[in-house]
Amino acid sequence: MARPLLLRHDSSVRHDTGDHPEHATRITAIEHELAAREWLGWEVRDSRPADRELLESVHPARYVTGIEEFCLAGGGQLDADTVASEESFVAARHAAGGAAAIVDSLLEGHAPVAASLHRPPGHHAEAARAMGFCLFNNVAIAARRALGAHRLSRVLILDWDVHHGNGTNDIFHADPQVLFVSIHQSPLYPGSGPASDTGSGAGEGYTVNLPVPGGSGDALWCSLVEHVVAPLAGEFAPELVLVSAGFDAHADDPLAGCAVSDDGFAAMAGSARRLAESLGAPLGLVLEGGYDLGALARCVARVLEVFGAEAAPPAGDLAVHPAAAQAAARLATRWPGLA
Ligand SMILES: [Zn+2]
């Protein structure tokens with residue numbers, strides 16, 4: 001039986017952001033924690049860099065060239081929050097390549113679950129604009145890989161980073177093949193992702209934004225995944241589930257104000273694992289944010305532990321949070337399964 005697969009690359013720590021919260025120590029901390037646990041028995045492999053064609057499945061050629069030239073010239077500030085160094089283009093190619101490669105492994109049956117743990121993160125990157133510490137939208141590139149090379153027609157992206165994944169939201173805004181579901185603190189950077197943003201054109205209804213107030217903890221975050229995302233996924237019936245996994249909703253995170261615990265992340269992972277299994281869909285994780293090194297490292301390990309376990313954890317008797325019940329009721333007009 002194939003083992004779960006973890007993709008990583010040394011270039012992730014050479015993406016030099018200086019004195020910035022999205023720092024190389026994030027990857028070092030995660031890898032240190034996982035190594036101490038013998039990588040949870042996962043197979044660990046170096047990712048290959050994404051080629052131009054893969055990057056251009058989401059980003060215009062002139063944008064890719066612009067990032068490359070900016071980095072080769074020594075880098076600097078791409079916007080107020082986003083820094084690149086000379087090595088960042090290579091790191092970003094590996095982050096995108098790793099995300100696409102887990103999709104290949106999952107859909108070719110080489111791994112039952114897989115994770116791509118790289119930096120820079122990706123979910124704020126728009127098709128033609130770097131922002132929010134992100135250069136290329138790794139999870140969007142992974143989804144496009146599934147739809148293109150593997151000819152899937154339904155991919156679920158669950159984004160549980162505390163910030164709204166504006167880039168992913170916009171890239172698939174009019175696309176009914178990708179159900180993008182984001183749970184995020186509001187108000188908070190980048191300010192997008194109101195519940196009223198539900199997609200556009202043929203993709204109307206396939207963007208699901210679930211903003212939560214600052215201070216929200218396990219009771220709401222876990223209930224949203226178990227009681228809203230899972231039934232939604234049951235109705236959409238994705239052939240692949242990708243978690244755009246930030247860990248900055250953690251109570252200890254310095255950049256946001258939510259209060260999810262280590263157990264909360266494990267519980268959300270359990271819901272994601274059960275929903276993927278019930279649909280017979282492979283499950284992949286792409287790392288986004290998370291800025292408290294201890295919480296980040298511990299929670300990545302907890303989530304991978306759940307994803308890679310022999311069996312999915314049983315569903316507990318988690319109470320339906322009133323705000324999750326409200327969200328389900330609101331969505332039921334488009335997704336009757338949630339009624
Ligand atoms: Zn974030």
# chains A, B, ... in the order shown; residues from 1 in each chain; ligands from 1
>>> closest_atom_pairs(of="chain A", to="ligand 1", cutoff="7 Å", atoms="only C-alpha atoms and all ligand atoms", output="tab-separated table")
residue	atom	partner	partner_atom_place_in_ligand_line	distance
A:Asp161	CA	ligand 1	1 (Zn)	4.9
A:Val162	CA	ligand 1	1 (Zn)	5.0
A:His163	CA	ligand 1	1 (Zn)	4.4
A:Gly246	CA	ligand 1	1 (Zn)	5.7
A:Asp248	CA	ligand 1	1 (Zn)	5.6
A:Glu288	CA	ligand 1	1 (Zn)	6.6
A:Gly289	CA	ligand 1	1 (Zn)	4.3
A:Gly290	CA	ligand 1	1 (Zn)	6.3
>>> closest_atom_pairs(of="segment 231-273 of chain A", to="segment 202-220 of chain A", cutoff="6 Å", atoms="only C-alpha atoms", output="CSV")
residue,atom,partner,partner_atom,distance
A:Gly257,CA,A:Gly214,CA,5.1
A:Cys258,CA,A:Gly215,CA,4.4
A:Ala259,CA,A:Gly217,CA,4.2
A:Val260,CA,A:Gly217,CA,4.4
A:Gly264,CA,A:Asp218,CA,5.1
>>> residues_around(residues="segment 108-120 of chain A", least_positions_apart="6", cutoff="7 Å", atoms="only C-alpha atoms", output="list in words")
Ala2, Arg3, Pro4, Leu5, Leu6, Leu7, Arg8, His9, Ser12, Ala91, Ala92, Ala95, Gly98, Ala99, Ile102, Phe133, Cys134, Leu135, Pro282, Leu283, Gly284, Leu285, Val286, Leu287, Phe307 and Gly308 of chain A
>>> write_last_selection(atoms="C-alpha atoms", output="short mmCIF file (atom, residue, chain, number, x, y, z; two decimals), in the first residue's frame")
data_model
loop_
_atom_site.label_atom_id
_atom_site.label_comp_id
_atom_site.auth_asym_id
_atom_site.auth_seq_id
_atom_site.Cartn_x
_atom_site.Cartn_y
_atom_site.Cartn_z
CA ALA A 2 1.41 3.38 -1.01
CA ARG A 3 2.33 5.74 1.78
CA PRO A 4 1.09 9.33 2.14
CA LEU A 5 3.35 11.69 0.22
CA LEU A 6 4.93 14.93 1.41
CA LEU A 7 6.62 17.25 -1.06
CA ARG A 8 9.07 19.94 0.06
CA HIS A 9 12.18 21.69 -1.22
CA SER A 12 11.58 27.32 0.36
CA ALA A 91 11.24 28.92 -4.53
CA ALA A 92 7.91 29.98 -6.04
CA ALA A 95 5.87 25.80 -4.42
CA GLY A 98 4.88 20.75 -5.53
CA ALA A 99 1.20 21.63 -5.44
CA ILE A 102 0.62 16.13 -5.33
CA PHE A 133 3.19 37.33 0.67
CA CYS A 134 2.15 35.29 -2.43
CA LEU A 135 3.73 35.19 -5.92
CA PRO A 282 -8.37 11.89 -2.97
CA LEU A 283 -7.28 14.51 -0.47
CA GLY A 284 -4.39 16.96 -0.82
CA LEU A 285 -3.06 19.78 1.33
CA VAL A 286 -1.28 22.90 0.14
CA LEU A 287 0.35 25.07 2.81
CA PHE A 307 -4.94 12.78 6.95
CA GLY A 308 -2.47 9.91 6.99
#
>>> closest_residue(among="A:Glu56, A:Leu34, A:Glu43, A:Pro121", to="Cys299 of chain A", atoms="only C-alpha atoms")
A:Leu34
>>> atom_distance(atom1="atom CA of Glu22 of chain A", atom2="atom CA of Leu54 of chain A")
24.5 Å
>>> closest_residue(among="A:Val228, A:Ala149, A:Ile67, A:Leu296", to="Arg330 of chain A", atoms="only C-alpha atoms")
A:Val228
>>> closest_residue(among="A:Ala249, A:Ala266, A:Cys71, A:Ala174", to="Ala301 of chain A", atoms="only C-alpha atoms")
A:Ala266
>>> closest_residue(among="A:Phe89, A:Phe70, A:Phe172, A:Tyr291", to="His123 of chain A", atoms="only C-alpha atoms")
A:Phe172
>>> closest_residue(among="A:Arg93, A:Arg52, A:Arg298, A:His150", to="His15 of chain A", atoms="only C-alpha atoms")
A:Arg93
>>> select_by_dssp(residues="segment 152-287 of chain A", states="strand (DSSP E or B)", output="MDAnalysis selection string")
chainID A and resid 155:159 178:185 207:212 217 240:245 250 259:260 283:287
>>> write_last_selection(atoms="N, CA and C atoms", output="JSON list (two decimals), in the first residue's frame")
[["chain", "number", "residue", "atom", "x", "y", "z"],
["A", 155, "VAL", "N", -13.59, 19.97, -8.78],
["A", 155, "VAL", "CA", -12.57, 20.05, -7.73],
["A", 155, "VAL", "C", -13.07, 20.96, -6.62],
["A", 156, "LEU", "N", -12.95, 20.48, -5.39],
["A", 156, "LEU", "CA", -13.28, 21.31, -4.24],
["A", 156, "LEU", "C", -11.99, 21.88, -3.65],
["A", 157, "ILE", "N", -11.97, 23.20, -3.46],
["A", 157, "ILE", "CA", -10.89, 23.83, -2.69],
["A", 157, "ILE", "C", -11.48, 24.37, -1.40],
["A", 158, "LEU", "N", -11.05, 23.80, -0.29],
["A", 158, "LEU", "CA", -11.45, 24.31, 1.02],
["A", 158, "LEU", "C", -10.29, 25.15, 1.56],
["A", 159, "ASP", "N", -10.52, 26.44, 1.72],
["A", 159, "ASP", "CA", -9.48, 27.36, 2.19],
["A", 159, "ASP", "C", -9.79, 27.74, 3.63],
["A", 178, "VAL", "N", -14.83, 24.39, -10.26],
["A", 178, "VAL", "CA", -14.12, 24.49, -8.98],
["A", 178, "VAL", "C", -15.04, 25.12, -7.95],
["A", 179, "LEU", "N", -15.37, 24.35, -6.94],
["A", 179, "LEU", "CA", -16.12, 24.89, -5.81],
["A", 179, "LEU", "C", -15.11, 25.42, -4.81],
["A", 180, "PHE", "N", -15.07, 26.75, -4.68],
["A", 180, "PHE", "CA", -14.13, 27.38, -3.75],
["A", 180, "PHE", "C", -14.88, 27.78, -2.49],
["A", 181, "VAL", "N", -14.47, 27.20, -1.37],
["A", 181, "VAL", "CA", -15.11, 27.51, -0.09],
["A", 181, "VAL", "C", -14.06, 28.09, 0.85],
["A", 182, "SER", "N", -14.29, 29.29, 1.33],
["A", 182, "SER", "CA", -13.33, 29.94, 2.22],
["A", 182, "SER", "C", -13.96, 30.29, 3.56],
["A", 183, "ILE", "N", -13.31, 29.87, 4.62],
["A", 183, "ILE", "CA", -13.67, 30.34, 5.96],
["A", 183, "ILE", "C", -12.58, 31.33, 6.36],
["A", 184, "HIS", "N", -12.98, 32.53, 6.74],
["A", 184, "HIS", "CA", -11.98, 33.55, 7.04],
["A", 184, "HIS", "C", -12.53, 34.58, 8.00],
["A", 185, "GLN", "N", -11.61, 35.19, 8.75],
["A", 185, "GLN", "CA", -12.00, 36.25, 9.68],
["A", 185, "GLN", "C", -12.37, 37.51, 8.89],
["A", 207, "THR", "N", -18.75, 29.78, -5.62],
["A", 207, "THR", "CA", -17.87, 30.46, -4.68],
["A", 207, "THR", "C", -18.67, 30.60, -3.40],
["A", 208, "VAL", "N", -18.13, 30.04, -2.33],
["A", 208, "VAL", "CA", -18.86, 30.06, -1.05],
["A", 208, "VAL", "C", -17.97, 30.72, 0.00],
["A", 209, "ASN", "N", -18.34, 31.93, 0.39],
["A", 209, "ASN", "CA", -17.57, 32.64, 1.40],
["A", 209, "ASN", "C", -18.26, 32.57, 2.75],
["A", 210, "LEU", "N", -17.50, 32.16, 3.74],
["A", 210, "LEU", "CA", -18.02, 31.98, 5.09],
["A", 210, "LEU", "C", -17.20, 32.85, 6.06],
["A", 211, "PRO", "N", -17.46, 34.17, 6.05],
["A", 211, "PRO", "CA", -16.71, 35.03, 6.97],
["A", 211, "PRO", "C", -17.13, 34.79, 8.42],
["A", 212, "VAL", "N", -16.16, 34.89, 9.32],
["A", 212, "VAL", "CA", -16.45, 34.73, 10.75],
["A", 212, "VAL", "C", -15.87, 35.92, 11.51],
["A", 217, "GLY", "N", -13.63, 30.62, 17.52],
["A", 217, "GLY", "CA", -12.76, 29.49, 17.85],
["A", 217, "GLY", "C", -13.29, 28.19, 17.29],
["A", 240, "LEU", "N", -11.84, 15.50, -6.43],
["A", 240, "LEU", "CA", -10.58, 15.81, -5.73],
["A", 240, "LEU", "C", -10.88, 16.88, -4.70],
["A", 241, "VAL", "N", -10.31, 16.70, -3.51],
["A", 241, "VAL", "CA", -10.46, 17.70, -2.45],
["A", 241, "VAL", "C", -9.08, 18.27, -2.13],
["A", 242, "LEU", "N", -8.94, 19.58, -2.27],
["A", 242, "LEU", "CA", -7.69, 20.27, -1.93],
["A", 242, "LEU", "C", -7.96, 21.20, -0.76],
["A", 243, "VAL", "N", -7.15, 21.09, 0.28],
["A", 243, "VAL", "CA", -7.26, 22.03, 1.39],
["A", 243, "VAL", "C", -6.15, 23.06, 1.24],
["A", 244, "SER", "N", -6.57, 24.31, 1.12],
["A", 244, "SER", "CA", -5.67, 25.45, 1.08],
["A", 244, "SER", "C", -5.48, 25.83, 2.55],
["A", 245, "ALA", "N", -4.42, 25.22, 3.13],
["A", 245, "ALA", "CA", -4.37, 25.13, 4.59],
["A", 245, "ALA", "C", -3.46, 26.17, 5.22],
["A", 250, "HIS", "N", -5.22, 30.08, 14.30],
["A", 250, "HIS", "CA", -4.87, 29.58, 15.64],
["A", 250, "HIS", "C", -4.87, 30.73, 16.66],
["A", 259, "ALA", "N", -9.39, 32.05, 17.30],
["A", 259, "ALA", "CA", -9.00, 31.32, 18.51],
["A", 259, "ALA", "C", -9.09, 29.81, 18.33],
["A", 260, "VAL", "N", -8.75, 29.33, 17.15],
["A", 260, "VAL", "CA", -8.78, 27.88, 16.91],
["A", 260, "VAL", "C", -7.62, 27.23, 17.68],
["A", 283, "LEU", "N", -7.36, 13.34, -1.33],
["A", 283, "LEU", "CA", -7.28, 14.51, -0.47],
["A", 283, "LEU", "C", -5.85, 15.06, -0.47],
["A", 284, "GLY", "N", -5.71, 16.33, -0.81],
["A", 284, "GLY", "CA", -4.39, 16.96, -0.82],
["A", 284, "GLY", "C", -4.38, 18.23, -0.01],
["A", 285, "LEU", "N", -3.22, 18.56, 0.53],
["A", 285, "LEU", "CA", -3.06, 19.78, 1.33],
["A", 285, "LEU", "C", -1.96, 20.64, 0.73],
["A", 286, "VAL", "N", -2.27, 21.93, 0.60],
["A", 286, "VAL", "CA", -1.28, 22.90, 0.14],
["A", 286, "VAL", "C", -1.12, 23.95, 1.24],
["A", 287, "LEU", "N", 0.10, 24.14, 1.69],
["A", 287, "LEU", "CA", 0.35, 25.07, 2.81],
["A", 287, "LEU", "C", 0.13, 26.52, 2.40]]
>>> closest_residue(among="A:Gln77, A:Asn138, A:Ser57, A:Thr65", to="Ala96 of chain A", atoms="only C-alpha atoms")
A:Asn138
>>> atom_distance(atom1="atom CA of Leu147 of chain A", atom2="atom CA of Ser192 of chain A")
25.8 Å
>>> atom_distance(atom1="atom CA of Arg26 of chain A", atom2="atom CA of Glu305 of chain A")
18.7 Å
>>> select_by_dssp(residues="segment 127-169 of chain A", states="helix (DSSP H, G or I)", output="NGL selection string")
:A and (138-147 or 166-169)
>>> residues_around(residues="Thr25 of chain A", least_positions_apart="5", cutoff="9 Å", atoms="only C-alpha atoms", output="short mmCIF file (atom, residue, chain, number, x, y, z; two decimals) with N, CA, C and O atoms, in the first residue's frame")
data_model
loop_
_atom_site.label_atom_id
_atom_site.label_comp_id
_atom_site.auth_asym_id
_atom_site.auth_seq_id
_atom_site.Cartn_x
_atom_site.Cartn_y
_atom_site.Cartn_z
N VAL A 13 13.40 27.73 1.94
CA VAL A 13 14.07 28.52 2.98
C VAL A 13 15.03 29.55 2.40
O VAL A 13 15.55 30.39 3.12
N ILE A 30 8.32 23.62 10.84
CA ILE A 30 7.45 22.50 10.45
C ILE A 30 8.30 21.24 10.23
O ILE A 30 7.96 20.16 10.73
N LEU A 293 5.25 30.11 15.14
CA LEU A 293 6.01 28.93 14.71
C LEU A 293 5.60 27.67 15.46
O LEU A 293 5.48 26.60 14.86
#
